[in-house]
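Asks: Take a look at the following structure, please.
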Amino acid sequence: MAGDADLTDQRPVHTTASTPPGKAGPAPRGPRRLHPLSPLLDVFDRNLLAPGVLALGSGGLRVLVAALVAVALFRILAWSRRTYVLHDDVLRVTSGVLSRNEQLVPCDRVQQVNLVQKLRHRLVGVASLRIEVAGGGRGSGVELEVLAMADAVALRESLLAAKAEAVSGHVDGASGDPAQVEQAPEPQWVPTPWPVARLSARQLVVAGLTGSELLVLFAFAASGLQLLGDAPRLIPSGSDLEVERLPPLAVGLLVVAFVLVWLGSAVATSVFRDAGYALDLVGDELHLERGLLDRKEAVLPLARVQAVQLTANPLRRALGVASARVQSAGAGTDQEDRRVSIPLLSTVDAPAALELLLPGSTAVPPLTRAPAVARRRAVVRATWPVLVVAAPVAVLAFPTGLAALLAIPLAAGFGELSYRAMGYAVGPAHLMATRGALVRRTVVVPLVRGQSARVRSSPLQRRLGLATCIVDIAGPGRRPTVLDVRHATAADIQARVMASVGGR
Amino acid sequence: MPLARTIVVMSQPAGGGRRLDPKQVQVWRAGWGAAALVLVALVAAAEVLVRTAGGSWPLPPAVGPLLAALVAAPVVWRLPRLAFDRWRYELAETTLELRRGVVVHTHTAIPYFRVQHIDITRSPFERALGLSQLVVRTAAASTDATIPGVAAAEADELRRVILSRTGHGDAV
């Protein structure tokens, strides 16, 4: 089968497969195995590198080949025992060579479906499908690695259609629009994608130059330094002196070259990961596609969105951009490559994107600043740890140690900044909370998503009549926290969360 | 002095709701006492180590551990009592409400609808006193809802009541 054909078929399959969803889907078919290439595709696993080198060292090439054949045989055996079937809205995965293992995933528990196509997968027209379920830790959820591209797309469609059908039958009409869900089973209804976010080439570059990609080089540099540590033994001893005698021009050129490589690698990281980025709202599902070589697709039902977090470091704030992360209860969503996120978003476009991700969030009023007494709390909170360290240093190393006291005004300034950053807003259905002196984080959470809420007050907060309200939501990620507001405000936010969850 | 004022405010009962079983004070005292013993033992060990190594220990023999014990004893004795006085749990109409905390006051509210399951745990010491702990779980790992000091027979009943109010459907 031709890999190219599968890739170009992807769109048509995607739309036609949504015609007979649910039980009418692949039910007649019995349990199926994964793609026949799956046991062989990853024989050269990174985890096998160390044992491989060991084998090569201890017994030479013959041992290595024998070991690889053994691994391959075991994988083929495991592949032959691993089957999946979607029947009666339950995905059943059976596996195990010695101890048999049967995993059942009811479709209405599916949180997110990820389709990952690494470069080598694209060459042979296969993809791995990962189904995330709520709660649980590592190992919950199902990974089918690998399926033929058409099978993966079809299975994803069937799962999501069965899920939509199952959920619409429940009391939990959290998507807020039952009409849409009911329409889904109709054969002719094909939802049109509505773009939530796109990334232009310029935005990809800006994202790379202003984000955490800048740190990628330092990871390389760390391993590079290890190499350099061994270098003196490799380089003749005379060359050390020549480095010191380099003319200033050469040093300057070296620095420029380093900066170019640094920024270039940051941009490249961003481009490789996010080229072709497209986040769409299709019906009541979020569809995400991205990646230059390794293609990644994620489908997250809108009803599963727990919260959205906007993050902006000082550089990005100056440029008027931020990144957004969609928090869901999927088990593996704390891993970067499985998350649904928007790498770069203009703050002008943010409300529109938020409205698509969290319908009704435009009704949230402008942020309310923390009360004036909270300034004292913020400054004290930032200053006392520094004071505890700096004061003994100043006393013990008397004349020079006094320099440590300079850190105290700095910390106080930091506290002032974090006071100014604090804000909250409660809309009819959403809570928005902002904090962060340097990296500004804004969480928007539907009140109805609260699992529990608590109001905390330390003695220092109580003296100023302040409290903190924390809303617990499902899944990994930061908990929405409203810091240092009047005790009555915190209690009111808690009461609103309780009222909207209510006795549903 | 503001601290004294806070303590007076703290020790006042926090309105309605049920109290824990008074025997819970003994459980906390035992736990805190064990922690205090470890602290005293650490101070004693430090003194022995410094003296055997020939270093100079700033206090006369055995005064260090004794001081630590003297500081810890009132805390171990008093704090569990204050914690007990502050603790209230209430089965409100749609939510389970927990009010607690001596130094940091915490008021947690959990809608029954969000309760996923309830664990009942009993340590050997709690078993000896006939007490149980109720751990209420929601889909959020960060939900912190443990009710200690519930009489064993009452715990099963409490769990039944809470679970009967959860309703049906997918709470995530």
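The chains in the structure tokens are called A, B, ... from first to last as shown; in each chain the residues are counted from 1, and the ligands are counted from 1 in the order shown.
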B:Ala128: which residues within 12 Å, counting only C-alpha atoms, same-chain residues fewer than 2 positions away excluded, as a list of chain:residue names?

Replies: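 My reading of the contact set: B:Lys23, B:Gln24, B:Gln26, B:Val27, B:Arg122, B:Ser123, B:Pro124, B:Phe125, B:Glu126, B:Gly130, B:Leu131, B:Ser132, B:Ala151, B:Ala152.
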
Asks: Residues of the last selection are to be written out with N, CA and C atoms, as a PDB file, in the first residue's frame.

Replies:
```
ATOM      1  N   LYS B  23     -12.444  11.657  70.939  1.00  0.00           N
ATOM      2  CA  LYS B  23     -11.278  10.775  71.042  1.00  0.00           C
ATOM      3  C   LYS B  23     -10.212  11.076  69.989  1.00  0.00           C
ATOM      4  N   GLN B  24     -10.626  11.842  68.942  1.00  0.00           N
ATOM      5  CA  GLN B  24      -9.669  12.209  67.894  1.00  0.00           C
ATOM      6  C   GLN B  24      -8.505  13.013  68.485  1.00  0.00           C
ATOM      7  N   GLN B  26      -6.906  12.431  71.127  1.00  0.00           N
ATOM      8  CA  GLN B  26      -5.857  11.475  71.530  1.00  0.00           C
ATOM      9  C   GLN B  26      -5.054  10.996  70.335  1.00  0.00           C
ATOM     10  N   VAL B  27      -5.753  10.785  69.197  1.00  0.00           N
ATOM     11  CA  VAL B  27      -5.049  10.346  67.985  1.00  0.00           C
ATOM     12  C   VAL B  27      -4.031  11.393  67.579  1.00  0.00           C
ATOM     13  N   ARG B 122      -8.405   3.294  58.543  1.00  0.00           N
ATOM     14  CA  ARG B 122      -8.294   3.216  59.999  1.00  0.00           C
ATOM     15  C   ARG B 122      -6.893   2.751  60.355  1.00  0.00           C
ATOM     16  N   SER B 123      -6.132   3.593  61.027  1.00  0.00           N
ATOM     17  CA  SER B 123      -4.806   3.204  61.487  1.00  0.00           C
ATOM     18  C   SER B 123      -4.977   2.312  62.725  1.00  0.00           C
ATOM     19  N   PRO B 124      -3.912   1.590  63.113  1.00  0.00           N
ATOM     20  CA  PRO B 124      -4.039   0.728  64.305  1.00  0.00           C
ATOM     21  C   PRO B 124      -4.515   1.507  65.533  1.00  0.00           C
ATOM     22  N   PHE B 125      -3.976   2.726  65.697  1.00  0.00           N
ATOM     23  CA  PHE B 125      -4.346   3.527  66.859  1.00  0.00           C
ATOM     24  C   PHE B 125      -5.814   3.922  66.801  1.00  0.00           C
ATOM     25  N   GLU B 126      -6.257   4.282  65.577  1.00  0.00           N
ATOM     26  CA  GLU B 126      -7.668   4.642  65.400  1.00  0.00           C
ATOM     27  C   GLU B 126      -8.562   3.424  65.648  1.00  0.00           C
ATOM     28  N   GLY B 130     -11.671   2.935  68.113  1.00  0.00           N
ATOM     29  CA  GLY B 130     -12.948   2.798  67.414  1.00  0.00           C
ATOM     30  C   GLY B 130     -13.270   3.973  66.523  1.00  0.00           C
ATOM     31  N   LEU B 131     -12.230   4.551  65.883  1.00  0.00           N
ATOM     32  CA  LEU B 131     -12.435   5.702  65.003  1.00  0.00           C
ATOM     33  C   LEU B 131     -12.115   5.342  63.559  1.00  0.00           C
ATOM     34  N   SER B 132     -12.641   6.142  62.631  1.00  0.00           N
ATOM     35  CA  SER B 132     -12.347   5.973  61.203  1.00  0.00           C
ATOM     36  C   SER B 132     -12.041   7.325  60.598  1.00  0.00           C
ATOM     37  N   ALA B 151     -16.664   8.112  64.440  1.00  0.00           N
ATOM     38  CA  ALA B 151     -16.872   6.810  65.078  1.00  0.00           C
ATOM     39  C   ALA B 151     -17.131   5.762  64.001  1.00  0.00           C
ATOM     40  N   ALA B 152     -16.513   4.580  64.167  1.00  0.00           N
ATOM     41  CA  ALA B 152     -16.487   3.580  63.098  1.00  0.00           C
ATOM     42  C   ALA B 152     -17.870   3.277  62.541  1.00  0.00           C
TER      43      ALA B 152
END
```

Asks: I'd like the contact shell of B:Ala68 - 9 Å cut-off, only C-alpha atoms, skipping same-chain residues fewer than 6 positions apart - returned as a list in words.

Replies: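 The neighbour list is Ala36, Leu39, Val40 and Val43 of chain B.
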
Asks: May I have the selected residues written with N, CA and C atoms, as a PDB file, in the first residue's frame?

Replies:
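And here's selection.pdb as it stands now:
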```pdb
ATOM      1  N   ALA B  36       7.313  14.801  68.069  1.00  0.00           N
ATOM      2  CA  ALA B  36       8.115  15.544  69.053  1.00  0.00           C
ATOM      3  C   ALA B  36       9.242  14.667  69.589  1.00  0.00           C
ATOM      4  N   LEU B  39      12.010  14.671  67.240  1.00  0.00           N
ATOM      5  CA  LEU B  39      12.742  15.928  67.328  1.00  0.00           C
ATOM      6  C   LEU B  39      13.713  15.909  68.510  1.00  0.00           C
ATOM      7  N   VAL B  40      13.210  15.484  69.685  1.00  0.00           N
ATOM      8  CA  VAL B  40      14.053  15.414  70.891  1.00  0.00           C
ATOM      9  C   VAL B  40      15.208  14.454  70.657  1.00  0.00           C
ATOM     10  N   VAL B  43      17.879  16.092  68.524  1.00  0.00           N
ATOM     11  CA  VAL B  43      18.707  17.039  69.289  1.00  0.00           C
ATOM     12  C   VAL B  43      19.702  16.272  70.156  1.00  0.00           C
TER      13      VAL B  43
END
```

Asks: List as CSV every residue of chain A that is in contact with chain B, defined as an atom at most 9 Å from one of its atoms (using only C-alpha atoms), together with the nearest atom pair and the distance in Å rounded to one decimal, sorted by chain and then rising number.

Replies:
```
residue,atom,partner,partner_atom,distance
A:Asp108,CA,B:Asp170,CA,8.4
A:Arg109,CA,B:Asp170,CA,8.1
A:Ala134,CA,B:Val172,CA,7.4
A:Gly135,CA,B:Ala139,CA,6.5
A:Val167,CA,B:Asp170,CA,8.2
A:His170,CA,B:Gly169,CA,5.9
A:Val171,CA,B:Gly169,CA,5.7
A:Asp172,CA,B:Gly169,CA,6.0
A:Arg304,CA,B:Val172,CA,7.6
A:Gln306,CA,B:Val172,CA,8.7
A:Ala329,CA,B:Val172,CA,7.5
A:Arg449,CA,B:Val172,CA,7.9
A:Gly450,CA,B:Arg114,CA,8.5
A:Gln451,CA,B:Arg114,CA,5.7
A:Ser452,CA,B:Ile110,CA,4.5
A:Ala453,CA,B:Ala109,CA,5.4
A:Arg454,CA,B:Thr108,CA,4.1
A:Val455,CA,B:His107,CA,5.1
A:Arg456,CA,B:Thr106,CA,4.4
A:Ser457,CA,B:His105,CA,5.2
A:Ser458,CA,B:Val104,CA,4.3
A:Pro459,CA,B:Val103,CA,6.3
A:Arg462,CA,B:Thr6,CA,8.4
A:Arg463,CA,B:Pro2,CA,8.1
A:Val471,CA,B:Thr143,CA,8.8
A:Asp472,CA,B:Thr143,CA,5.9
A:Ile473,CA,B:Ala140,CA,5.2
A:Ala474,CA,B:Ala140,CA,4.0
A:Gly475,CA,B:Ala140,CA,6.2
A:Pro476,CA,B:Ala141,CA,8.3
A:Arg479,CA,B:Ser142,CA,8.2
A:Ala491,CA,B:His107,CA,8.8
A:Gln494,CA,B:Ala109,CA,7.6
A:Ala495,CA,B:Ala109,CA,8.5
A:Met498,CA,B:Pro111,CA,6.4
A:Ala499,CA,B:Thr94,CA,8.6
A:Val501,CA,B:Pro111,CA,6.8
A:Gly502,CA,B:Thr94,CA,6.0
A:Gly503,CA,B:Thr94,CA,5.4
A:Arg504,CA,B:Phe113,CA,6.4
```

Asks: What's the separation between atom CA of A:Asn101 and atom CA of A:Leu147, in Å to one decimal place?

Replies: 19.8 Å

Asks: Hey, what's within 6 Å of A:Leu447 if we count only C-alpha atoms and toss same-chain stuff fewer than 4 positions away? As a VMD selection string, please?

Replies: chain A and resid 429 to 430 497

Asks: The selected residues should be written to file as a PDB file, in the first residue's frame (atoms: N, CA and C atoms).

Replies:
```pdb
ATOM      1  N   ALA A 429     -20.829  32.697  34.279  1.00  0.00           N
ATOM      2  CA  ALA A 429     -20.520  31.266  34.255  1.00  0.00           C
ATOM      3  C   ALA A 429     -19.041  30.967  34.351  1.00  0.00           C
ATOM      4  N   HIS A 430     -18.198  32.012  34.463  1.00  0.00           N
ATOM      5  CA  HIS A 430     -16.756  31.773  34.440  1.00  0.00           C
ATOM      6  C   HIS A 430     -16.036  32.552  35.536  1.00  0.00           C
ATOM      7  N   VAL A 497     -19.272  28.951  42.787  1.00  0.00           N
ATOM      8  CA  VAL A 497     -18.861  27.664  42.203  1.00  0.00           C
ATOM      9  C   VAL A 497     -19.851  26.587  42.655  1.00  0.00           C
TER      10      VAL A 497
END
```

Asks: Please give the complete set of residues from stretch 36-141 of chain B that DSSP, run on the backbone, assigns to alpha helix (DSSP H), formatted as a ChimeraX atom specification.

Replies: /B:36-52,63-86,124-129

Asks: Filtering to N, CA and C atoms, could you give me those residues as a tab-separated table (two decimals), in the first residue's frame?

Replies:
```tsv
chain	number	residue	atom	x	y	z
B	36	ALA	N	7.31	14.80	68.07
B	36	ALA	CA	8.12	15.54	69.05
B	36	ALA	C	9.24	14.67	69.59
B	37	LEU	N	8.94	13.37	69.82
B	37	LEU	CA	9.97	12.45	70.30
B	37	LEU	C	11.12	12.35	69.30
B	38	VAL	N	10.78	12.30	68.02
B	38	VAL	CA	11.82	12.25	66.98
B	38	VAL	C	12.68	13.51	67.05
B	39	LEU	N	12.01	14.67	67.24
B	39	LEU	CA	12.74	15.93	67.33
B	39	LEU	C	13.71	15.91	68.51
B	40	VAL	N	13.21	15.48	69.68
B	40	VAL	CA	14.05	15.41	70.89
B	40	VAL	C	15.21	14.45	70.66
B	41	ALA	N	14.91	13.30	70.03
B	41	ALA	CA	15.95	12.31	69.77
B	41	ALA	C	17.02	12.89	68.84
B	42	LEU	N	16.58	13.70	67.85
B	42	LEU	CA	17.54	14.30	66.92
B	42	LEU	C	18.47	15.26	67.64
B	43	VAL	N	17.88	16.09	68.52
B	43	VAL	CA	18.71	17.04	69.29
B	43	VAL	C	19.70	16.27	70.16
B	44	ALA	N	19.21	15.19	70.82
B	44	ALA	CA	20.09	14.38	71.67
B	44	ALA	C	21.21	13.76	70.84
B	45	ALA	N	20.86	13.24	69.67
B	45	ALA	CA	21.85	12.61	68.81
B	45	ALA	C	22.91	13.61	68.38
B	46	ALA	N	22.45	14.86	68.05
B	46	ALA	CA	23.38	15.90	67.64
B	46	ALA	C	24.37	16.20	68.77
B	47	GLU	N	23.83	16.28	70.01
B	47	GLU	CA	24.69	16.58	71.16
B	47	GLU	C	25.73	15.48	71.35
B	48	VAL	N	25.27	14.22	71.31
B	48	VAL	CA	26.19	13.08	71.49
B	48	VAL	C	27.27	13.10	70.43
B	49	LEU	N	26.84	13.35	69.17
B	49	LEU	CA	27.80	13.35	68.06
B	49	LEU	C	28.87	14.41	68.25
B	50	VAL	N	28.40	15.66	68.58
B	50	VAL	CA	29.34	16.77	68.74
B	50	VAL	C	30.31	16.48	69.89
B	51	ARG	N	29.77	15.96	71.02
B	51	ARG	CA	30.63	15.70	72.19
B	51	ARG	C	31.65	14.60	71.91
B	52	THR	N	31.21	13.50	71.26
B	52	THR	CA	32.16	12.41	71.00
B	52	THR	C	33.22	12.83	69.98
B	63	VAL	N	20.72	19.41	78.54
B	63	VAL	CA	19.81	20.55	78.59
B	63	VAL	C	19.14	20.77	77.24
B	64	GLY	N	19.90	20.52	76.14
B	64	GLY	CA	19.36	20.71	74.79
B	64	GLY	C	18.10	19.90	74.56
B	65	PRO	N	18.20	18.54	74.67
B	65	PRO	CA	17.00	17.72	74.47
B	65	PRO	C	15.88	18.08	75.42
B	66	LEU	N	16.26	18.45	76.67
B	66	LEU	CA	15.24	18.80	77.66
B	66	LEU	C	14.48	20.05	77.24
B	67	LEU	N	15.24	21.04	76.73
B	67	LEU	CA	14.62	22.28	76.25
B	67	LEU	C	13.66	21.98	75.11
B	68	ALA	N	14.13	21.12	74.18
B	68	ALA	CA	13.29	20.77	73.03
B	68	ALA	C	11.99	20.14	73.51
B	69	ALA	N	12.12	19.23	74.52
B	69	ALA	CA	10.93	18.56	75.05
B	69	ALA	C	10.00	19.56	75.71
B	70	LEU	N	10.60	20.55	76.43
B	70	LEU	CA	9.79	21.55	77.12
B	70	LEU	C	9.02	22.42	76.15
B	71	VAL	N	9.66	22.74	75.01
B	71	VAL	CA	8.98	23.56	74.01
B	71	VAL	C	7.89	22.74	73.33
B	72	ALA	N	8.21	21.47	73.05
B	72	ALA	CA	7.28	20.65	72.26
B	72	ALA	C	6.05	20.24	73.08
B	73	ALA	N	6.24	19.99	74.37
B	73	ALA	CA	5.16	19.41	75.18
B	73	ALA	C	3.86	20.23	75.14
B	74	PRO	N	3.92	21.56	75.41
B	74	PRO	CA	2.65	22.29	75.39
B	74	PRO	C	1.98	22.28	74.02
B	75	VAL	N	2.84	22.33	72.97
B	75	VAL	CA	2.28	22.30	71.61
B	75	VAL	C	1.56	20.98	71.39
B	76	VAL	N	2.23	19.87	71.75
B	76	VAL	CA	1.65	18.54	71.56
B	76	VAL	C	0.35	18.41	72.37
B	77	TRP	N	0.34	19.03	73.54
B	77	TRP	CA	-0.83	18.92	74.40
B	77	TRP	C	-1.99	19.80	73.94
B	78	ARG	N	-1.64	21.06	73.58
B	78	ARG	CA	-2.66	22.07	73.36
B	78	ARG	C	-3.22	22.05	71.93
B	79	LEU	N	-2.33	21.90	70.93
B	79	LEU	CA	-2.74	22.07	69.54
B	79	LEU	C	-3.84	21.11	69.11
B	80	PRO	N	-3.75	19.81	69.46
B	80	PRO	CA	-4.84	18.91	69.07
B	80	PRO	C	-6.19	19.35	69.63
B	81	ARG	N	-6.17	19.89	70.85
B	81	ARG	CA	-7.42	20.36	71.46
B	81	ARG	C	-8.00	21.53	70.65
B	82	LEU	N	-7.10	22.49	70.26
B	82	LEU	CA	-7.54	23.64	69.46
B	82	LEU	C	-8.06	23.18	68.11
B	83	ALA	N	-7.34	22.21	67.52
B	83	ALA	CA	-7.75	21.70	66.21
B	83	ALA	C	-9.13	21.07	66.31
B	84	PHE	N	-9.34	20.33	67.40
B	84	PHE	CA	-10.65	19.68	67.60
B	84	PHE	C	-11.75	20.74	67.74
B	85	ASP	N	-11.44	21.82	68.49
B	85	ASP	CA	-12.44	22.87	68.68
B	85	ASP	C	-12.80	23.56	67.37
B	86	ARG	N	-11.85	23.65	66.46
B	86	ARG	CA	-12.08	24.35	65.20
B	86	ARG	C	-12.82	23.48	64.17
B	124	PRO	N	-3.91	1.59	63.11
B	124	PRO	CA	-4.04	0.73	64.30
B	124	PRO	C	-4.52	1.51	65.53
B	125	PHE	N	-3.98	2.73	65.70
B	125	PHE	CA	-4.35	3.53	66.86
B	125	PHE	C	-5.81	3.92	66.80
B	126	GLU	N	-6.26	4.28	65.58
B	126	GLU	CA	-7.67	4.64	65.40
B	126	GLU	C	-8.56	3.42	65.65
B	127	ARG	N	-8.09	2.26	65.22
B	127	ARG	CA	-8.88	1.04	65.45
B	127	ARG	C	-9.06	0.79	66.94
B	128	ALA	N	-7.97	1.02	67.69
B	128	ALA	CA	-8.03	0.80	69.13
B	128	ALA	C	-9.07	1.71	69.77
B	129	LEU	N	-9.23	2.93	69.22
B	129	LEU	CA	-10.17	3.89	69.79
B	129	LEU	C	-11.54	3.81	69.12
```

Asks: I'd like the contact shell of A:Ala372 - 12 Å cut-off, only C-alpha atoms, skipping same-chain residues fewer than 4 positions apart - returned as a ChimeraX atom specification.

Replies: /A:368,376-379,416,419-420,422-423,464-466,484-486

Asks: Based on the selection just made, write N, CA and C atoms of those residues as a short mmCIF file (atom, residue, chain, number, x, y, z; two decimals), in the first residue's frame.

Replies:
```
data_model
loop_
_atom_site.label_atom_id
_atom_site.label_comp_id
_atom_site.auth_asym_id
_atom_site.auth_seq_id
_atom_site.Cartn_x
_atom_site.Cartn_y
_atom_site.Cartn_z
N THR A 368 -10.95 42.78 38.36
CA THR A 368 -10.94 43.60 39.55
C THR A 368 -9.58 43.45 40.21
N ARG A 376 0.40 45.15 51.03
CA ARG A 376 1.26 44.87 52.18
C ARG A 376 1.58 43.38 52.23
N ARG A 377 0.53 42.56 52.06
CA ARG A 377 0.68 41.11 52.11
C ARG A 377 1.64 40.62 51.00
N ALA A 378 1.47 41.18 49.79
CA ALA A 378 2.30 40.76 48.66
C ALA A 378 3.75 41.13 48.90
N VAL A 379 3.98 42.34 49.44
CA VAL A 379 5.36 42.77 49.67
C VAL A 379 5.99 41.92 50.78
N GLU A 416 5.71 44.20 45.04
CA GLU A 416 4.86 45.26 44.50
C GLU A 416 4.36 44.87 43.11
N TYR A 419 1.75 42.31 43.36
CA TYR A 419 0.48 42.91 43.77
C TYR A 419 -0.24 43.52 42.57
N ARG A 420 0.53 44.24 41.75
CA ARG A 420 -0.09 44.89 40.59
C ARG A 420 -0.61 43.87 39.59
N MET A 422 -2.00 40.99 40.31
CA MET A 422 -3.14 40.21 40.82
C MET A 422 -4.46 40.78 40.35
N GLY A 423 -5.35 39.91 39.95
CA GLY A 423 -6.68 40.36 39.57
C GLY A 423 -7.62 39.18 39.42
N LEU A 464 -5.53 41.29 58.03
CA LEU A 464 -5.91 42.30 57.05
C LEU A 464 -7.29 42.03 56.47
N GLY A 465 -7.96 40.99 56.99
CA GLY A 465 -9.30 40.65 56.49
C GLY A 465 -9.27 40.02 55.12
N LEU A 466 -8.15 39.34 54.78
CA LEU A 466 -7.99 38.77 53.45
C LEU A 466 -8.11 37.25 53.50
N ASP A 484 -5.43 36.65 47.99
CA ASP A 484 -5.52 37.92 48.73
C ASP A 484 -6.69 38.81 48.32
N VAL A 485 -7.89 38.28 48.45
CA VAL A 485 -9.06 39.15 48.28
C VAL A 485 -9.76 39.23 49.64
N ARG A 486 -10.72 40.15 49.78
CA ARG A 486 -11.47 40.24 51.03
C ARG A 486 -12.11 38.89 51.32
#
```

Asks: Can you tell me, as a VMD selection string, what residues are no more than 12 Å from A:Pro343 when counting only C-alpha atoms, ignoring any on the same chain fewer than 5 positions away?

Replies: chain A and resid 197 to 200 203 to 213 270 to 271 273 to 275 277 to 279 288 290 309 to 312 316 321 to 326 336 to 337
